[in-house]
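So this block is model32.cif, mmCIF, C-alpha atoms:
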data_protein
loop_
_atom_site.label_atom_id
_atom_site.label_comp_id
_atom_site.auth_asym_id
_atom_site.auth_seq_id
_atom_site.Cartn_x
_atom_site.Cartn_y
_atom_site.Cartn_z
CA MET A 544 137.76 86.46 149.68
CA LYS A 545 136.52 86.02 153.25
CA LYS A 546 138.67 82.90 153.80
CA THR A 547 141.72 84.74 152.48
CA ARG A 548 141.16 87.59 154.93
CA GLN A 549 140.76 85.16 157.80
CA LEU A 550 143.94 83.28 156.90
CA THR A 551 145.82 86.54 156.50
CA PHE A 552 144.56 87.70 159.89
CA CYS A 553 145.66 84.43 161.51
CA ALA A 554 149.09 84.62 159.86
CA ILE A 555 149.56 88.21 161.03
CA MET A 556 148.59 87.30 164.59
CA SER A 557 150.98 84.33 164.58
CA ALA A 558 153.77 86.50 163.25
CA LEU A 559 153.11 89.18 165.86
CA GLY A 560 153.11 86.53 168.58
CA ILE A 561 156.49 85.13 167.55
CA VAL A 562 157.98 88.63 167.22
CA VAL A 563 156.85 89.49 170.75
CA LEU A 564 158.25 86.21 172.09
CA TYR A 565 161.54 86.79 170.28
CA LEU A 566 161.82 90.29 171.75
CA GLY A 567 161.07 88.85 175.17
CA ALA A 568 163.84 86.31 174.69
CA LEU A 569 166.28 89.05 173.70
CA ILE A 570 165.38 91.23 176.67
CA ASN A 571 165.36 88.71 179.52
CA ILE A 572 163.48 91.01 181.86
CA LEU A 573 160.39 90.95 179.64
CA ASP A 574 160.09 87.20 179.13
CA LEU A 575 156.90 86.57 181.10
CA CYS A 576 155.33 89.81 179.88
CA ALA A 577 156.07 88.68 176.34
CA VAL A 578 154.22 85.43 176.99
CA LEU A 579 151.19 87.39 178.21
CA ILE A 580 151.25 89.75 175.23
CA ALA A 581 151.71 86.91 172.74
CA SER A 582 148.71 85.10 174.21
CA VAL A 583 146.60 88.23 173.65
CA PHE A 584 146.96 87.59 169.91
CA VAL A 585 145.52 84.10 170.41
CA PHE A 586 142.69 85.71 172.38
CA VAL A 587 141.89 88.15 169.57
CA VAL A 588 141.76 85.39 166.95
CA SER A 589 139.60 83.17 169.11
CA GLU A 590 137.24 86.09 169.83
CA GLU A 591 136.91 87.02 166.17
CA LEU A 592 137.11 83.67 164.39
CA GLY A 593 136.44 81.03 167.04
CA ASN A 594 138.47 78.67 169.14
CA LEU A 595 139.51 76.42 166.25
CA LYS A 596 141.36 79.20 164.46
CA GLY A 597 142.69 80.43 167.80
CA LEU A 598 144.08 76.94 168.38
CA ALA A 599 145.71 77.07 164.94
CA VAL A 600 147.38 80.40 165.77
CA TYR A 601 148.52 78.99 169.10
CA ALA A 602 149.91 75.86 167.40
CA VAL A 603 151.77 77.83 164.72
CA THR A 604 153.20 80.29 167.24
CA SER A 605 154.21 77.44 169.58
CA LEU A 606 155.89 75.52 166.79
CA LEU A 607 157.80 78.59 165.62
CA ALA A 608 158.74 79.36 169.24
CA VAL A 609 160.13 75.85 169.64
CA LEU A 610 162.09 76.14 166.40
CA LEU A 611 163.38 79.69 166.86
CA LEU A 612 163.69 80.15 170.61
CA PHE A 613 164.92 76.74 171.77
CA SER A 614 168.56 77.77 171.52
CA MET A 615 168.00 81.32 172.79
CA ASN A 616 165.71 81.05 175.76
CA ILE A 617 164.12 77.71 176.50
CA PHE A 618 162.16 79.17 179.40
CA ILE A 619 160.09 81.63 177.33
CA MET A 620 159.37 78.93 174.76
CA ALA A 621 158.19 76.49 177.43
CA GLU A 622 156.11 79.11 179.23
CA TYR A 623 154.33 80.07 176.01
CA VAL A 624 153.56 76.43 175.28
CA LEU A 625 152.14 76.10 178.82
CA PHE A 626 150.38 79.47 179.24
CA GLY A 627 149.50 80.43 175.65
CA MET A 628 146.46 78.20 175.35
CA TYR A 629 144.68 79.75 178.32
CA PRO A 630 142.75 82.50 176.44
CA MET A 631 140.87 79.86 174.44
CA LEU A 632 140.33 77.65 177.46
CA LYS A 633 139.09 80.64 179.46
CA ARG A 634 136.41 81.27 176.85
CA ILE A 635 135.29 77.65 177.15
CA PHE A 636 135.49 77.52 180.96
CA ASP A 637 133.54 80.76 181.39
CA LYS A 638 130.51 79.16 179.68
CA PHE A 639 130.23 76.58 182.47
CA LYS A 640 128.38 77.08 185.73
CA THR A 641 130.50 78.51 188.53
CA PRO A 642 131.46 75.31 190.40
CA LEU A 643 132.46 73.44 187.23
CA MET A 644 134.23 76.54 185.90
CA LEU A 645 136.32 76.81 189.07
CA VAL A 646 137.18 73.10 188.98
CA CYS A 647 138.26 73.29 185.33
CA LYS A 648 140.35 76.41 185.89
CA GLY A 649 141.89 74.89 189.01
CA ALA A 650 142.76 71.68 187.15
CA TYR A 651 144.39 73.67 184.35
CA MET A 652 146.30 75.79 186.85
CA ALA A 653 147.50 72.69 188.69
CA ALA A 654 148.61 71.06 185.43
CA VAL A 655 150.47 74.18 184.33
CA SER A 656 152.07 74.53 187.77
CA ILE A 657 153.39 70.99 187.55
CA GLY A 658 154.52 71.63 183.97
CA THR A 659 156.40 74.73 185.12
CA LEU A 660 158.05 72.68 187.85
CA LEU A 661 159.14 70.10 185.29
CA VAL A 662 160.57 72.82 183.04
CA GLU A 663 162.46 74.28 185.99
CA ARG A 664 163.83 70.83 186.86
CA PHE A 665 164.93 70.34 183.27
CA TRP A 666 166.50 73.79 183.08
CA LEU A 667 168.03 74.07 186.54
CA GLY A 668 168.42 70.40 187.36
CA ASN A 669 167.10 68.72 190.47
CA LEU A 670 167.32 71.31 193.24
CA ARG A 671 166.78 68.76 196.04
CA ILE A 672 165.20 71.53 198.06
CA TRP A 673 161.54 70.67 198.44
CA TYR A 674 160.37 74.09 199.61
CA LEU A 675 161.77 75.82 196.52
CA GLU A 676 159.83 73.43 194.31
CA ALA A 677 156.69 74.02 196.38
CA LEU A 678 157.31 77.76 196.08
CA ILE A 679 157.51 77.45 192.28
CA VAL A 680 154.14 75.67 192.22
CA VAL A 681 152.53 78.25 194.53
CA ILE A 682 153.92 81.20 192.55
CA THR A 683 152.78 79.68 189.26
CA PHE A 684 149.30 79.07 190.66
CA ALA A 685 149.11 82.67 191.92
CA ALA A 686 150.37 83.97 188.57
CA LEU A 687 147.65 82.05 186.78
CA ILE A 688 144.98 83.54 189.04
CA LEU A 689 146.30 87.01 188.17
CA TYR A 690 146.47 85.94 184.52
CA ASP A 691 142.78 85.00 184.66
CA ILE A 692 141.83 88.34 186.20
CA ALA A 693 143.94 90.21 183.64
CA PHE A 694 142.32 88.40 180.71
CA LYS A 695 138.88 89.17 182.05
CA ARG A 696 139.77 92.86 181.98
CA VAL A 697 141.51 92.58 178.60
CA ALA A 698 138.35 91.02 177.15
CA VAL A 699 136.20 93.88 178.43
CA MET A 700 138.66 96.49 177.15
CA TYR A 701 138.99 94.72 173.80
CA HIS A 702 135.25 94.69 173.16
CA ALA A 703 134.64 98.19 174.54
CA ARG A 704 137.54 100.08 172.95
CA LEU A 705 140.30 98.24 171.14
CA ARG A 706 138.24 96.37 168.58
CA HIS A 707 136.95 99.61 167.10
CA LYS A 708 140.19 101.59 167.48
CA LEU A 709 142.27 98.90 165.77
CA ARG A 710 139.57 98.58 163.09
CA ILE A 711 139.37 94.85 163.55
CA ASP A 712 135.59 95.07 163.30
CA LYS A 713 135.92 96.42 159.73
CA PHE A 714 138.46 93.75 158.76
CA PHE A 715 135.78 91.06 158.52
CA SER A 716 132.84 93.04 157.17
#
Would you kindly transcribe this structure into C-alpha cells?
Amino acid sequence: MKKTRQLTFCAIMSALGIVVLYLGALINILDLCAVLIASVFVFVVSEELGNLKGLAVYAVTSLLAVLLLFSMNIFIMAEYVLFGMYPMLKRIFDKFKTPLMLVCKGAYMAAVSIGTLLVERFWLGNLRIWYLEALIVVITFAALILYDIAFKRVAVMYHARLRHKLRIDKFFS
C-alpha cells in the first residue's frame, strides 16, 4: 500500500510538472516561471521520498517535455532539462561544507550557463556577436543565484506552512 501511494504521488507530481510546462509553452511570457514552478514538484518529491524518486520525477517530466513540447517551444523544454534538476542537487550541495558547497554550485551554474548558450546558438543560430553570448552566460549565472535563493526560501516555507496545508504530511502516514 505504501509503495502504491508513493508511486501515485510521483505520477501526480510528474503530471503537474508537465501541465505547468505546457501552460508555460502556451503563454510565452510565463516560460521561465513555468520552469521554476515545475521544478518545485521535483523538490517536493525529493523532500518527501528522497533524491532517487525526485530524479525519477525529473526524468519522467523531462522525457514528456521533450516529447510534447519539442514542436511547441523548444526553449522551455531545454530550460527544464537544464534547470529542473537543481532542487535535488541543492539538497546534496547544502550538506557539504561551505567552500565545497560554493564550488559545486558554481560548477553547476557554469555548466548550465554554457548549456543555455548552446541552446541559444541552436535556436537562434550563431550570433557572431561575442558580447551578446557573454551577456547570456552572465544573465544565466545571475538567474541561477536568484534561483538558489528562491529555493532556500521555498524550502523554509514548504516545511513551515505548505506541507501541513496541502496535507502532504498525512499522505504518507
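Using all atoms listed in the file, the shortest contact distance between A:Ile570 and any of A:Ala608, A:Ile688, A:Met615, A:Val585 is found at A:Met615.
You can rank A:Ala621, A:Leu632, A:Leu643, A:Met652 by their closest distance to A:Gly593 using all atoms listed in the file, and at the top of that list sits A:Leu632.
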Original post:
For the file shown, what are the residues hit by the PyMOL selection byres ((chain A and resi 663) around 12), laid out as number ranges by chain?
Top reply: A: 617-619, 621-622, 656-662, 664-670, 675-680, 683
Selection to disk with C-alpha atoms, as a JSON list (two decimals), in the coordinates of the input:
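Saved to out-v3.json:
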[["chain", "number", "residue", "atom", "x", "y", "z"],
["A", 617, "ILE", "CA", 164.12, 77.71, 176.50],
["A", 618, "PHE", "CA", 162.16, 79.17, 179.40],
["A", 619, "ILE", "CA", 160.09, 81.63, 177.33],
["A", 621, "ALA", "CA", 158.19, 76.49, 177.43],
["A", 622, "GLU", "CA", 156.11, 79.11, 179.23],
["A", 656, "SER", "CA", 152.07, 74.53, 187.77],
["A", 657, "ILE", "CA", 153.39, 70.99, 187.55],
["A", 658, "GLY", "CA", 154.52, 71.63, 183.97],
["A", 659, "THR", "CA", 156.40, 74.73, 185.12],
["A", 660, "LEU", "CA", 158.05, 72.68, 187.85],
["A", 661, "LEU", "CA", 159.14, 70.10, 185.29],
["A", 662, "VAL", "CA", 160.57, 72.82, 183.04],
["A", 664, "ARG", "CA", 163.83, 70.83, 186.86],
["A", 665, "PHE", "CA", 164.93, 70.34, 183.27],
["A", 666, "TRP", "CA", 166.50, 73.79, 183.08],
["A", 667, "LEU", "CA", 168.03, 74.07, 186.54],
["A", 668, "GLY", "CA", 168.42, 70.40, 187.36],
["A", 669, "ASN", "CA", 167.10, 68.72, 190.47],
["A", 670, "LEU", "CA", 167.32, 71.31, 193.24],
["A", 675, "LEU", "CA", 161.77, 75.82, 196.52],
["A", 676, "GLU", "CA", 159.83, 73.43, 194.31],
["A", 677, "ALA", "CA", 156.69, 74.02, 196.38],
["A", 678, "LEU", "CA", 157.31, 77.76, 196.08],
["A", 679, "ILE", "CA", 157.51, 77.45, 192.28],
["A", 680, "VAL", "CA", 154.14, 75.67, 192.22],
["A", 683, "THR", "CA", 152.78, 79.68, 189.26]]
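If you count only C-alpha atoms and ignore residues fewer than 5 places along the chain from stretch 564-567 of chain A, what sits within 6 Å of it is Leu573, Asp574 and Ala577 of chain A.
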Original post:
Applied to this file, what does the PyMOL selection byres ((chain A and resi 586) around 9) return in terms of residues, put as an MDAnalysis selection string?
Top reply: chainID A and resid 582:585 587:591 594 597 628:631 634 694 698
Set up a box along x, y and z of the file covering all listed atoms of stretch 671-675 of chain A, add 3 Å on every one of the six sides, and write the centre and edge lengths in Å to one decimal, as lines of an AutoDock Vina configuration file.
center_x = 163.6
center_y = 72.3
center_z = 197.8
size_x = 12.4
size_y = 13.1
size_z = 9.6
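Nearest residue to A:Gly649, choosing from A:His702, A:Arg710, A:Lys546, A:Lys633 and counting all atoms listed in the file: A:Lys633.
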Original post:
Can you list what the PyMOL selection byres ((chain A and resi 553-559) around 7) grabs from this structure, as a ChimeraX atom specification?
Top reply: /A:549-552,560-563,584,588,600,603-604
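Atom CA of A:Cys576 sits 20.4 Å away from atom CA of A:Leu610.
A straight line drawn from atom CA of A:Phe626 to atom CA of A:Arg704 is 25.1 Å long.
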